[in-house]
$ cat entry.cif   # mmCIF, C-alpha atoms
data_entry
#
loop_
_atom_site.label_atom_id
_atom_site.label_comp_id
_atom_site.auth_asym_id
_atom_site.auth_seq_id
_atom_site.Cartn_x
_atom_site.Cartn_y
_atom_site.Cartn_z
CA MET A 1 0.00 0.00 0.00
CA SER A 2 1.26 3.47 -0.70
CA GLY A 3 -0.23 6.88 -0.08
CA ASN A 4 0.09 10.14 1.72
CA GLY A 5 0.26 9.34 5.40
CA ALA A 6 -1.47 5.99 4.95
CA SER A 7 -0.15 3.65 7.61
CA SER A 8 -1.50 0.50 9.23
CA SER A 9 -2.29 2.42 12.42
CA SER A 10 -4.71 4.68 10.57
CA LEU A 11 -6.57 1.77 9.02
CA ASN A 12 -9.20 1.71 11.77
CA MET A 13 -12.89 1.06 11.28
CA ILE A 14 -14.86 4.26 11.72
CA SER A 15 -18.21 4.15 13.48
CA GLY A 16 -21.23 2.67 11.70
CA GLU A 17 -22.94 6.06 11.82
CA ASP A 18 -20.05 7.80 10.08
CA VAL A 19 -20.04 5.11 7.46
CA VAL A 20 -23.70 5.34 6.48
CA ASN A 21 -24.42 9.06 7.04
CA ASN A 22 -22.34 10.64 4.32
CA ASN A 23 -23.13 12.57 1.15
CA PHE A 24 -20.04 11.44 -0.67
CA SER A 25 -20.10 10.49 -4.31
CA ALA A 26 -17.78 8.04 -6.04
CA LEU A 27 -16.81 7.14 -9.56
CA VAL A 28 -15.60 3.56 -10.17
CA VAL A 29 -13.39 3.40 -13.26
CA ASP A 30 -12.66 -0.16 -14.35
CA ASP A 31 -12.89 -2.11 -17.61
CA SER A 32 -13.98 -5.26 -15.77
CA PRO A 33 -17.78 -5.49 -15.30
CA LEU A 34 -17.12 -7.78 -12.34
CA LEU A 35 -14.90 -5.24 -10.56
CA ARG A 36 -17.31 -2.40 -11.39
CA LEU A 37 -20.19 -4.34 -9.79
CA LEU A 38 -18.13 -5.35 -6.80
CA HIS A 39 -16.86 -1.87 -5.98
CA ASP A 40 -20.27 -0.34 -6.79
CA ILE A 41 -22.07 -2.53 -4.24
CA HIS A 42 -19.27 -2.20 -1.74
CA LEU A 43 -19.27 1.60 -1.82
CA LYS A 44 -23.09 1.81 -1.81
CA LYS A 45 -23.09 -0.33 1.32
CA TYR A 46 -21.06 2.44 2.93
CA GLY A 47 -23.63 5.03 1.86
CA LEU A 48 -21.86 6.57 -1.13
CA LYS A 49 -23.64 7.53 -4.34
CA VAL A 50 -21.83 5.64 -7.07
CA GLN A 51 -21.39 5.95 -10.82
CA VAL A 52 -19.28 3.68 -12.99
CA ALA A 53 -17.12 4.17 -16.08
CA GLU A 54 -15.58 1.43 -18.21
CA ASN A 55 -12.32 3.24 -19.03
CA GLY A 56 -10.30 6.35 -18.35
CA LYS A 57 -11.71 8.28 -21.31
CA VAL A 58 -15.31 7.83 -20.12
CA ALA A 59 -14.20 9.08 -16.70
CA VAL A 60 -12.42 12.14 -18.12
CA ASP A 61 -15.42 12.92 -20.37
CA LEU A 62 -17.72 12.84 -17.32
CA PHE A 63 -15.61 15.49 -15.63
CA HIS A 64 -15.47 17.55 -18.88
CA LEU A 65 -19.28 17.49 -18.85
CA GLY A 66 -19.29 19.00 -15.39
CA ALA A 67 -19.70 15.94 -13.19
CA SER A 68 -17.84 15.91 -9.90
CA PHE A 69 -17.09 13.16 -7.44
CA ASP A 70 -15.53 13.13 -3.99
CA LEU A 71 -13.78 9.83 -4.68
CA VAL A 72 -12.51 8.22 -7.87
CA LEU A 73 -11.47 4.56 -7.83
CA MET A 74 -9.17 4.24 -10.82
CA ASP A 75 -8.10 0.91 -12.29
CA LYS A 76 -4.66 0.96 -13.86
CA GLU A 77 -4.89 -1.28 -16.92
CA MET A 78 -7.78 -0.29 -19.18
CA PRO A 79 -8.29 -0.03 -22.94
CA VAL A 80 -8.83 3.30 -24.75
CA MET A 81 -7.31 5.31 -21.86
CA ASN A 82 -5.55 3.66 -18.94
CA GLY A 83 -5.55 4.77 -15.33
CA VAL A 84 -2.20 6.55 -15.48
CA GLU A 85 -3.23 8.70 -18.47
CA ALA A 86 -6.69 9.37 -17.05
CA THR A 87 -5.26 10.45 -13.69
CA LYS A 88 -2.79 12.81 -15.38
CA GLU A 89 -5.59 14.33 -17.47
CA LEU A 90 -7.88 14.81 -14.50
CA ARG A 91 -5.16 16.54 -12.47
CA ALA A 92 -4.24 18.70 -15.49
CA MET A 93 -7.93 19.71 -15.66
CA GLY A 94 -7.69 20.85 -12.04
CA VAL A 95 -9.73 17.99 -10.57
CA THR A 96 -9.13 17.83 -6.80
CA SER A 97 -11.18 14.69 -6.06
CA MET A 98 -9.50 11.98 -4.04
CA ILE A 99 -8.19 9.62 -6.73
CA VAL A 100 -7.36 6.13 -5.50
CA GLY A 101 -5.52 3.76 -7.78
CA VAL A 102 -6.59 0.13 -7.73
CA THR A 103 -4.06 -2.32 -9.11
CA SER A 104 -3.30 -5.99 -9.38
CA LYS A 105 -0.29 -7.22 -7.48
CA ASP A 106 2.35 -5.72 -9.78
CA GLY A 107 5.90 -4.69 -9.05
CA PRO A 108 6.56 -1.59 -6.92
CA GLY A 109 7.85 0.27 -10.00
CA GLU A 110 4.43 0.09 -11.64
CA GLN A 111 2.64 1.41 -8.57
CA GLN A 112 5.15 4.25 -8.36
CA ALA A 113 4.43 5.39 -11.93
CA PHE A 114 0.74 5.35 -11.10
CA MET A 115 1.25 7.37 -7.90
CA GLU A 116 3.34 9.90 -9.80
CA ALA A 117 0.43 10.48 -12.19
CA GLY A 118 -1.34 12.19 -9.30
CA LEU A 119 -2.99 9.58 -7.12
CA ASP A 120 -3.76 10.19 -3.48
CA TYR A 121 -3.49 6.49 -2.63
CA CYS A 122 -2.87 3.22 -4.41
CA PHE A 123 -4.21 -0.14 -3.17
CA GLU A 124 -4.32 -3.66 -4.48
CA LYS A 125 -7.66 -4.87 -5.75
CA PRO A 126 -10.14 -5.73 -4.54
CA LEU A 127 -10.68 -3.11 -1.90
CA THR A 128 -11.45 -4.49 1.55
CA PRO A 129 -13.91 -3.09 4.11
CA GLU A 130 -10.94 -1.79 6.12
CA ILE A 131 -9.58 0.17 3.16
CA ILE A 132 -12.98 1.64 2.30
CA SER A 133 -13.43 2.70 5.95
CA PHE A 134 -10.01 4.33 5.85
CA LEU A 135 -10.88 6.21 2.64
CA LEU A 136 -14.16 7.43 4.16
CA GLU A 137 -12.27 8.65 7.18
CA GLU A 138 -9.89 10.59 4.94
CA LEU A 139 -12.83 12.04 2.97
CA ASN A 140 -14.43 13.14 6.24
CA LYS A 141 -11.20 14.86 7.30
CA HIS A 142 -10.96 16.78 4.01
CA HIS A 143 -14.65 17.64 4.14
CA ASN A 144 -14.37 19.01 7.66
CA LYS A 145 -11.36 21.12 6.71
CA ASP A 146 -13.28 22.91 3.86
CA MET B 1 -37.82 -26.15 10.70
CA ASP B 2 -35.92 -29.45 10.76
CA VAL B 3 -35.70 -29.33 6.94
CA VAL B 4 -34.32 -25.79 7.04
CA ASN B 5 -31.79 -26.73 9.74
CA GLN B 6 -30.62 -29.71 7.73
CA LEU B 7 -30.28 -27.65 4.55
CA GLN B 8 -28.41 -24.94 6.41
CA ARG B 9 -26.10 -27.55 7.91
CA GLN B 10 -25.44 -28.96 4.41
CA PHE B 11 -24.70 -25.44 3.15
CA ILE B 12 -22.29 -24.72 6.01
CA ASP B 13 -20.48 -28.03 5.56
CA TYR B 14 -20.25 -27.58 1.79
CA SER B 15 -18.98 -23.99 2.13
CA ALA B 16 -16.41 -25.12 4.68
CA SER B 17 -15.18 -27.85 2.33
CA LEU B 18 -14.76 -25.34 -0.51
CA HIS B 19 -12.57 -23.20 1.74
CA ARG B 20 -10.69 -26.19 3.15
CA GLU B 21 -9.92 -27.55 -0.31
CA GLY B 22 -8.66 -24.16 -1.46
CA PHE B 23 -11.36 -23.44 -4.03
CA LEU B 24 -12.44 -20.28 -2.22
CA ASP B 25 -10.71 -17.90 0.14
CA ASP B 26 -11.84 -15.19 2.52
CA GLN B 27 -12.64 -12.80 -0.34
CA PHE B 28 -15.68 -14.96 -1.16
CA THR B 29 -16.86 -14.64 2.44
CA GLN B 30 -16.54 -10.86 2.12
CA LEU B 31 -18.74 -10.97 -0.98
CA GLN B 32 -21.38 -12.98 0.89
CA LYS B 33 -21.37 -10.35 3.64
CA LEU B 34 -22.10 -7.64 1.06
CA GLN B 35 -25.31 -9.41 0.03
CA ASP B 36 -28.43 -8.04 1.70
CA ASP B 37 -32.08 -7.23 1.01
CA ASN B 38 -31.05 -4.36 -1.30
CA SER B 39 -28.84 -6.67 -3.38
CA PRO B 40 -30.20 -10.20 -2.72
CA ASP B 41 -28.64 -11.79 -5.81
CA PHE B 42 -25.30 -10.05 -5.54
CA VAL B 43 -23.12 -13.15 -5.12
CA VAL B 44 -24.83 -15.01 -7.96
CA GLU B 45 -24.45 -11.94 -10.21
CA VAL B 46 -20.76 -11.60 -9.39
CA ALA B 47 -20.24 -15.32 -9.98
CA SER B 48 -22.05 -15.11 -13.34
CA LEU B 49 -19.83 -12.24 -14.43
CA PHE B 50 -16.81 -14.24 -13.31
CA PHE B 51 -17.91 -17.27 -15.37
CA GLU B 52 -18.38 -15.03 -18.45
CA ASP B 53 -14.97 -13.45 -17.87
CA CYS B 54 -13.28 -16.85 -17.51
CA GLU B 55 -14.78 -18.27 -20.67
CA LYS B 56 -13.92 -15.21 -22.74
CA LEU B 57 -10.36 -14.97 -21.40
CA ILE B 58 -9.65 -18.70 -21.68
CA ASN B 59 -10.80 -18.58 -25.32
CA ASN B 60 -8.52 -15.56 -25.92
CA MET B 61 -5.55 -17.41 -24.41
CA ALA B 62 -6.25 -20.57 -26.44
CA ARG B 63 -6.49 -18.60 -29.70
CA ALA B 64 -3.29 -16.70 -28.97
CA LEU B 65 -1.38 -19.88 -28.09
CA GLU B 66 -2.60 -21.63 -31.25
CA GLN B 67 -0.91 -19.09 -33.55
CA GLN B 68 1.52 -20.97 -35.78
CA GLN B 69 3.33 -17.81 -36.95
CA GLY B 70 4.47 -17.03 -33.46
CA VAL B 71 2.75 -16.66 -30.12
CA ASP B 72 2.12 -13.12 -28.90
CA PHE B 73 3.02 -13.78 -25.26
CA LYS B 74 2.10 -10.22 -24.28
CA GLN B 75 -1.42 -10.86 -25.51
CA VAL B 76 -1.60 -14.13 -23.58
CA ASP B 77 -0.20 -12.42 -20.49
CA ALA B 78 -2.77 -9.63 -20.74
CA SER B 79 -5.60 -12.19 -20.62
CA VAL B 80 -3.96 -14.09 -17.76
CA HIS B 81 -3.49 -10.83 -15.87
CA GLN B 82 -7.20 -10.03 -16.24
CA LEU B 83 -8.20 -13.52 -15.16
CA LYS B 84 -5.93 -13.28 -12.15
CA GLY B 85 -7.63 -10.02 -11.20
CA SER B 86 -11.13 -11.45 -11.58
CA SER B 87 -10.36 -14.66 -9.73
CA SER B 88 -8.72 -12.72 -6.93
CA SER B 89 -11.78 -10.47 -6.63
CA ILE B 90 -14.22 -13.34 -6.25
CA GLY B 91 -11.95 -15.41 -3.99
CA ALA B 92 -11.26 -18.14 -6.56
CA MET B 93 -7.96 -19.11 -4.98
CA ARG B 94 -6.99 -22.13 -7.07
CA VAL B 95 -7.74 -20.34 -10.35
CA LYS B 96 -5.71 -17.36 -9.15
CA ASP B 97 -2.76 -19.58 -8.18
CA VAL B 98 -2.64 -21.15 -11.64
CA CYS B 99 -2.68 -17.65 -13.15
CA ILE B 100 0.40 -16.72 -11.10
CA ALA B 101 2.33 -19.67 -12.55
CA PHE B 102 0.88 -18.96 -15.98
CA ARG B 103 2.28 -15.41 -15.96
CA SER B 104 5.77 -16.73 -15.23
CA PHE B 105 5.59 -18.94 -18.32
CA CYS B 106 4.35 -15.99 -20.39
CA GLU B 107 7.29 -13.93 -19.18
CA ALA B 108 9.66 -16.76 -20.09
CA GLN B 109 7.88 -17.09 -23.47
CA ASN B 110 7.52 -20.79 -22.76
CA ARG B 111 4.72 -22.07 -25.02
CA GLU B 112 4.64 -25.58 -23.54
CA GLY B 113 4.43 -24.22 -20.03
CA CYS B 114 1.66 -21.85 -21.11
CA LEU B 115 -0.30 -24.67 -22.71
CA ARG B 116 -0.04 -26.74 -19.52
CA CYS B 117 -1.26 -23.80 -17.48
CA LEU B 118 -4.11 -23.20 -19.90
CA GLN B 119 -5.19 -26.80 -19.39
CA GLN B 120 -4.92 -26.40 -15.62
CA VAL B 121 -6.81 -23.13 -15.49
CA THR B 122 -9.58 -24.57 -17.66
CA HIS B 123 -9.82 -27.54 -15.32
CA GLU B 124 -9.85 -25.41 -12.16
CA TYR B 125 -12.45 -23.07 -13.61
CA SER B 126 -14.73 -26.01 -14.54
CA LEU B 127 -14.40 -27.50 -11.08
CA LEU B 128 -15.13 -24.19 -9.39
CA LYS B 129 -18.10 -23.43 -11.62
CA ASN B 130 -19.60 -26.78 -10.78
CA LYS B 131 -19.04 -26.31 -7.07
CA LEU B 132 -20.44 -22.78 -6.99
CA GLN B 133 -23.52 -23.89 -8.90
CA THR B 134 -24.02 -26.60 -6.27
CA LEU B 135 -23.60 -24.02 -3.52
CA PHE B 136 -26.15 -21.70 -5.13
CA ARG B 137 -28.60 -24.59 -5.53
CA LEU B 138 -28.32 -25.26 -1.80
CA GLN B 139 -28.98 -21.55 -1.19
CA GLN B 140 -32.11 -21.66 -3.31
CA GLN B 141 -33.32 -24.74 -1.43
CA ILE B 142 -32.85 -22.99 1.92
CA LEU B 143 -34.74 -19.90 0.74
CA ALA B 144 -37.51 -21.98 -0.81
CA ALA B 145 -37.91 -23.76 2.54
CA GLY B 146 -38.29 -20.41 4.30
CA GLY B 147 -34.83 -20.23 5.85
CA SER B 148 -31.99 -17.72 5.65
CA ILE B 149 -28.52 -18.23 4.23
CA PRO B 150 -25.88 -18.64 6.96
CA VAL B 151 -22.59 -16.76 6.45
CA VAL B 152 -19.69 -19.10 6.95
CA GLU B 153 -16.64 -17.37 8.48
#
$ encode --input "entry.cif" --output "C-alpha cells"
Amino acid sequence: MSGNGASSSSLNMISGEDVVNNNFSALVVDDSPLLRLLHDIHLKKYGLKVQVAENGKVAVDLFHLGASFDLVLMDKEMPVMNGVEATKELRAMGVTSMIVGVTSKDGPGEQQAFMEAGLDYCFEKPLTPEIISFLLEELNKHHNKD
Amino acid sequence: MDVVNQLQRQFIDYSASLHREGFLDDQFTQLQKLQDDNSPDFVVEVASLFFEDCEKLINNMARALEQQQGVDFKQVDASVHQLKGSSSSIGAMRVKDVCIAFRSFCEAQNREGCLRCLQQVTHEYSLLKNKLQTLFRLQQQILAAGGSIPVVE
C-alpha cells in the first residue's frame, strides 16, 4: 500500500454512523464489469452515491461534462485510456477529487508510476472493508477542513 | 424447521469444504457479507460475471497460443493478468494460483508451459463453476424452505 500518510495504524474502522451518514459520491473506473459491480455494491453499502465508467476516457469525459465526485477509484490497466493517463488528465484539468488507484499485485515500480500520475493512494484490488473505511475517514477529514 | 436446519447444515459443511480444499478464500466470504435485502442476488451476479470473464479470457488465451506464426506472449499475459484479477476479486484461490504460474511462463515465453497452465486453469475453472452452482442450488433450497442463508466465516 502506498499513499500520503497511509499507515496501518490509521486503518481503523470508523463508526457505523459515520459510514452510512455521508453525502459522498464516487466514480468507479474499471474495464472489468465484475470489478465495477463489486466496488459499486461495496461503496453503496457504505452510503456513497456511485457511478461507474468502463475506461479512463469515459471518466475524463464525465468530468469535462461538469460531473464531480468526492472519490474516484481508478483501475490501472484499461483499454482506450488507462488509469495513469486518465489520472494525469484529471489533475491537469484541475480535478481535486481523491483519486485512488486500484491495481493488481504488480511490481513496486508500476505502482510508483501510477502514484506519480497524481494519485492520493494506491491499493491492491479488490478493496477491503478496512480500506474503504479508511478512505471514508480521509474524505471526512478533508470535508471538515473545507 | 428441521428441513431448514438440515439444509443450512449442508450449506455450512459444503462452504467449509470449498474453503478447506482451497477453491475459495476469505474474499468470497466478504462478498457474501455484502449481500443483503437491497442486493439479494449479488453473489450469484458476481459469480455469473466471473464465469463469463473466464470463458472469454480462456478462449482468448487458447487462440493466442494456437498461432503458428508465433505466439504473442504479451497478448496471452494480458488475458492471464485479467483472469488473475477477476479470480482474486471473487476469492477463486486455485484459479488465481494457476494464473500466477501462468504469468511466469508468459514472461519466459515458454509455449509448452503456457499450454499446460491453460489446461490447468480450464480444469480449475470447470471444477469451481460446478461447485459454486451446487452451492447456489443449496442456497435456493434454503430460501424456498423459508430459511436464511448462513454466512460461513
$ interface_residues --input "entry.cif" --of "chain B" --to "chain A" --cutoff "9 Å" --atoms "only C-alpha atoms" --output "VMD selection string"
chain B and resid 27 30 to 31 34 to 35 39 42 45 to 50 53 81 to 82 84 to 86 88 to 90
$ resolve_selection --input "entry.cif" --expression "the PyMOL selection byres ((chain B and resi 2-9) around 8)" --output "ChimeraX atom specification"
/B:1,10-13,138,141-142,145-147,149-150
$ write_last_selection --input "entry.cif" --atoms "C-alpha atoms" --output "compact mmCIF listing (two decimals), keeping the file's coordinate frame"
# COMPACT_ATOMS: atom_id res chain seq x y z
CA MET B 1 -37.82 -26.15 10.70
CA GLN B 10 -25.44 -28.96 4.41
CA PHE B 11 -24.70 -25.44 3.15
CA ILE B 12 -22.29 -24.72 6.01
CA ASP B 13 -20.48 -28.03 5.56
CA LEU B 138 -28.32 -25.26 -1.80
CA GLN B 141 -33.32 -24.74 -1.43
CA ILE B 142 -32.85 -22.99 1.92
CA ALA B 145 -37.91 -23.76 2.54
CA GLY B 146 -38.29 -20.41 4.30
CA GLY B 147 -34.83 -20.23 5.85
CA ILE B 149 -28.52 -18.23 4.23
CA PRO B 150 -25.88 -18.64 6.96
$ resolve_selection --input "entry.cif" --expression "the PyMOL selection byres ((chain B and resi 120) around 12)" --output "list in words"
Ile58, Arg94, Val95, Lys96, Asp97, Val98, Cys99, Ile100, Ala101, Phe102, Gly113, Cys114, Leu115, Arg116, Cys117, Leu118, Gln119, Val121, Thr122, His123, Glu124, Tyr125, Ser126 and Leu127 of chain B
$ write_last_selection --input "entry.cif" --atoms "C-alpha atoms" --output "mmCIF file, in the frame of the given file"
data_model
loop_
_atom_site.group_PDB
_atom_site.id
_atom_site.type_symbol
_atom_site.label_atom_id
_atom_site.label_comp_id
_atom_site.auth_asym_id
_atom_site.auth_seq_id
_atom_site.Cartn_x
_atom_site.Cartn_y
_atom_site.Cartn_z
ATOM 1 C CA ILE B 58 -9.650 -18.700 -21.680
ATOM 2 C CA ARG B 94 -6.990 -22.130 -7.070
ATOM 3 C CA VAL B 95 -7.740 -20.340 -10.350
ATOM 4 C CA LYS B 96 -5.710 -17.360 -9.150
ATOM 5 C CA ASP B 97 -2.760 -19.580 -8.180
ATOM 6 C CA VAL B 98 -2.640 -21.150 -11.640
ATOM 7 C CA CYS B 99 -2.680 -17.650 -13.150
ATOM 8 C CA ILE B 100 0.400 -16.720 -11.100
ATOM 9 C CA ALA B 101 2.330 -19.670 -12.550
ATOM 10 C CA PHE B 102 0.880 -18.960 -15.980
ATOM 11 C CA GLY B 113 4.430 -24.220 -20.030
ATOM 12 C CA CYS B 114 1.660 -21.850 -21.110
ATOM 13 C CA LEU B 115 -0.300 -24.670 -22.710
ATOM 14 C CA ARG B 116 -0.040 -26.740 -19.520
ATOM 15 C CA CYS B 117 -1.260 -23.800 -17.480
ATOM 16 C CA LEU B 118 -4.110 -23.200 -19.900
ATOM 17 C CA GLN B 119 -5.190 -26.800 -19.390
ATOM 18 C CA VAL B 121 -6.810 -23.130 -15.490
ATOM 19 C CA THR B 122 -9.580 -24.570 -17.660
ATOM 20 C CA HIS B 123 -9.820 -27.540 -15.320
ATOM 21 C CA GLU B 124 -9.850 -25.410 -12.160
ATOM 22 C CA TYR B 125 -12.450 -23.070 -13.610
ATOM 23 C CA SER B 126 -14.730 -26.010 -14.540
ATOM 24 C CA LEU B 127 -14.400 -27.500 -11.080
#
$ residues_around --input "entry.cif" --residues "Asp40 in chain A" --least-positions-apart "3" --cutoff "8 Å" --atoms "only C-alpha atoms" --output "PyMOL selection string"
chain A and resi 28+36-37+43-44+50-52
$ atom_distance --input "entry.cif" --atom1 "CA of Leu27 in chain A" --atom2 "CA of Val100 in chain A"
10.3 Å
$ closest_residue --input "entry.cif" --among "A:Phe69, A:Tyr46, A:Phe63, A:Phe134" --to "Ala26 in chain A" --atoms "all atoms listed in the file"
A:Phe69
$ atom_distance --input "entry.cif" --atom1 "CA of Leu18 in chain B" --atom2 "CA of Asp75 in chain A"
29.5 Å
$ atom_distance --input "entry.cif" --atom1 "CA of Ser68 in chain A" --atom2 "CA of Met81 in chain A"
19.1 Å
$ closest_residue --input "entry.cif" --among "B:Gly91, B:Cys54, B:Lys131, B:Pro40" --to "Asp25 in chain B" --atoms "only C-alpha atoms"
B:Gly91
$ decode --input "entry.cif" --residues "range 89-99 of chain B" --atoms "all heavy atoms" --output "compact mmCIF listing (two decimals), in the first residue's frame"
# COMPACT_ATOMS: atom_id res chain seq x y z
N SER B 89 -10.66 -11.28 -7.12
CA SER B 89 -11.78 -10.47 -6.63
C SER B 89 -12.93 -11.32 -6.13
O SER B 89 -13.70 -10.87 -5.27
CB SER B 89 -12.30 -9.56 -7.74
OG SER B 89 -11.28 -8.73 -8.17
N ILE B 90 -13.10 -12.50 -6.69
CA ILE B 90 -14.22 -13.34 -6.25
C ILE B 90 -13.77 -14.35 -5.19
O ILE B 90 -14.60 -15.01 -4.56
CB ILE B 90 -14.87 -14.06 -7.47
CG1 ILE B 90 -16.26 -14.62 -7.10
CG2 ILE B 90 -13.99 -15.12 -8.03
CD1 ILE B 90 -17.00 -15.24 -8.25
N GLY B 91 -12.46 -14.46 -4.98
CA GLY B 91 -11.95 -15.41 -3.99
C GLY B 91 -11.70 -16.78 -4.57
O GLY B 91 -11.65 -17.78 -3.84
N ALA B 92 -11.51 -16.85 -5.89
CA ALA B 92 -11.26 -18.14 -6.56
C ALA B 92 -9.77 -18.45 -6.47
O ALA B 92 -9.00 -18.21 -7.42
CB ALA B 92 -11.72 -18.08 -8.01
N MET B 93 -9.37 -18.99 -5.32
CA MET B 93 -7.96 -19.11 -4.98
C MET B 93 -7.18 -20.02 -5.93
O MET B 93 -6.08 -19.68 -6.35
CB MET B 93 -7.84 -19.64 -3.54
CG MET B 93 -6.50 -19.38 -2.92
SD MET B 93 -6.53 -19.46 -1.14
CE MET B 93 -6.63 -21.22 -0.87
N ARG B 94 -7.74 -21.17 -6.24
CA ARG B 94 -6.99 -22.13 -7.07
C ARG B 94 -6.82 -21.60 -8.49
O ARG B 94 -5.77 -21.79 -9.11
CB ARG B 94 -7.66 -23.50 -7.06
CG ARG B 94 -7.30 -24.28 -5.78
CD ARG B 94 -8.22 -25.42 -5.44
NE ARG B 94 -8.24 -26.49 -6.41
CZ ARG B 94 -8.45 -27.77 -6.09
NH1 ARG B 94 -8.61 -28.11 -4.83
NH2 ARG B 94 -8.51 -28.69 -7.03
N VAL B 95 -7.84 -20.94 -9.01
CA VAL B 95 -7.74 -20.34 -10.35
C VAL B 95 -6.66 -19.26 -10.32
O VAL B 95 -5.80 -19.18 -11.21
CB VAL B 95 -9.08 -19.74 -10.81
CG1 VAL B 95 -8.93 -19.00 -12.13
CG2 VAL B 95 -10.14 -20.83 -10.95
N LYS B 96 -6.69 -18.44 -9.30
CA LYS B 96 -5.71 -17.36 -9.15
C LYS B 96 -4.29 -17.92 -9.09
O LYS B 96 -3.38 -17.41 -9.72
CB LYS B 96 -6.01 -16.55 -7.89
CG LYS B 96 -5.07 -15.37 -7.66
CD LYS B 96 -5.20 -14.79 -6.29
CE LYS B 96 -4.53 -15.67 -5.25
NZ LYS B 96 -4.63 -15.15 -3.88
N ASP B 97 -4.10 -18.99 -8.34
CA ASP B 97 -2.76 -19.58 -8.18
C ASP B 97 -2.22 -20.10 -9.51
O ASP B 97 -1.02 -19.96 -9.79
CB ASP B 97 -2.79 -20.72 -7.14
CG ASP B 97 -2.93 -20.19 -5.71
OD1 ASP B 97 -2.72 -18.97 -5.51
OD2 ASP B 97 -3.24 -20.99 -4.80
N VAL B 98 -3.10 -20.69 -10.31
CA VAL B 98 -2.64 -21.15 -11.64
C VAL B 98 -2.24 -19.95 -12.49
O VAL B 98 -1.24 -19.99 -13.22
CB VAL B 98 -3.73 -21.97 -12.38
CG1 VAL B 98 -3.26 -22.35 -13.78
CG2 VAL B 98 -4.11 -23.22 -11.60
N CYS B 99 -2.99 -18.86 -12.37
CA CYS B 99 -2.68 -17.65 -13.15
C CYS B 99 -1.29 -17.10 -12.79
O CYS B 99 -0.58 -16.58 -13.65
CB CYS B 99 -3.72 -16.56 -12.91
SG CYS B 99 -5.32 -16.92 -13.65
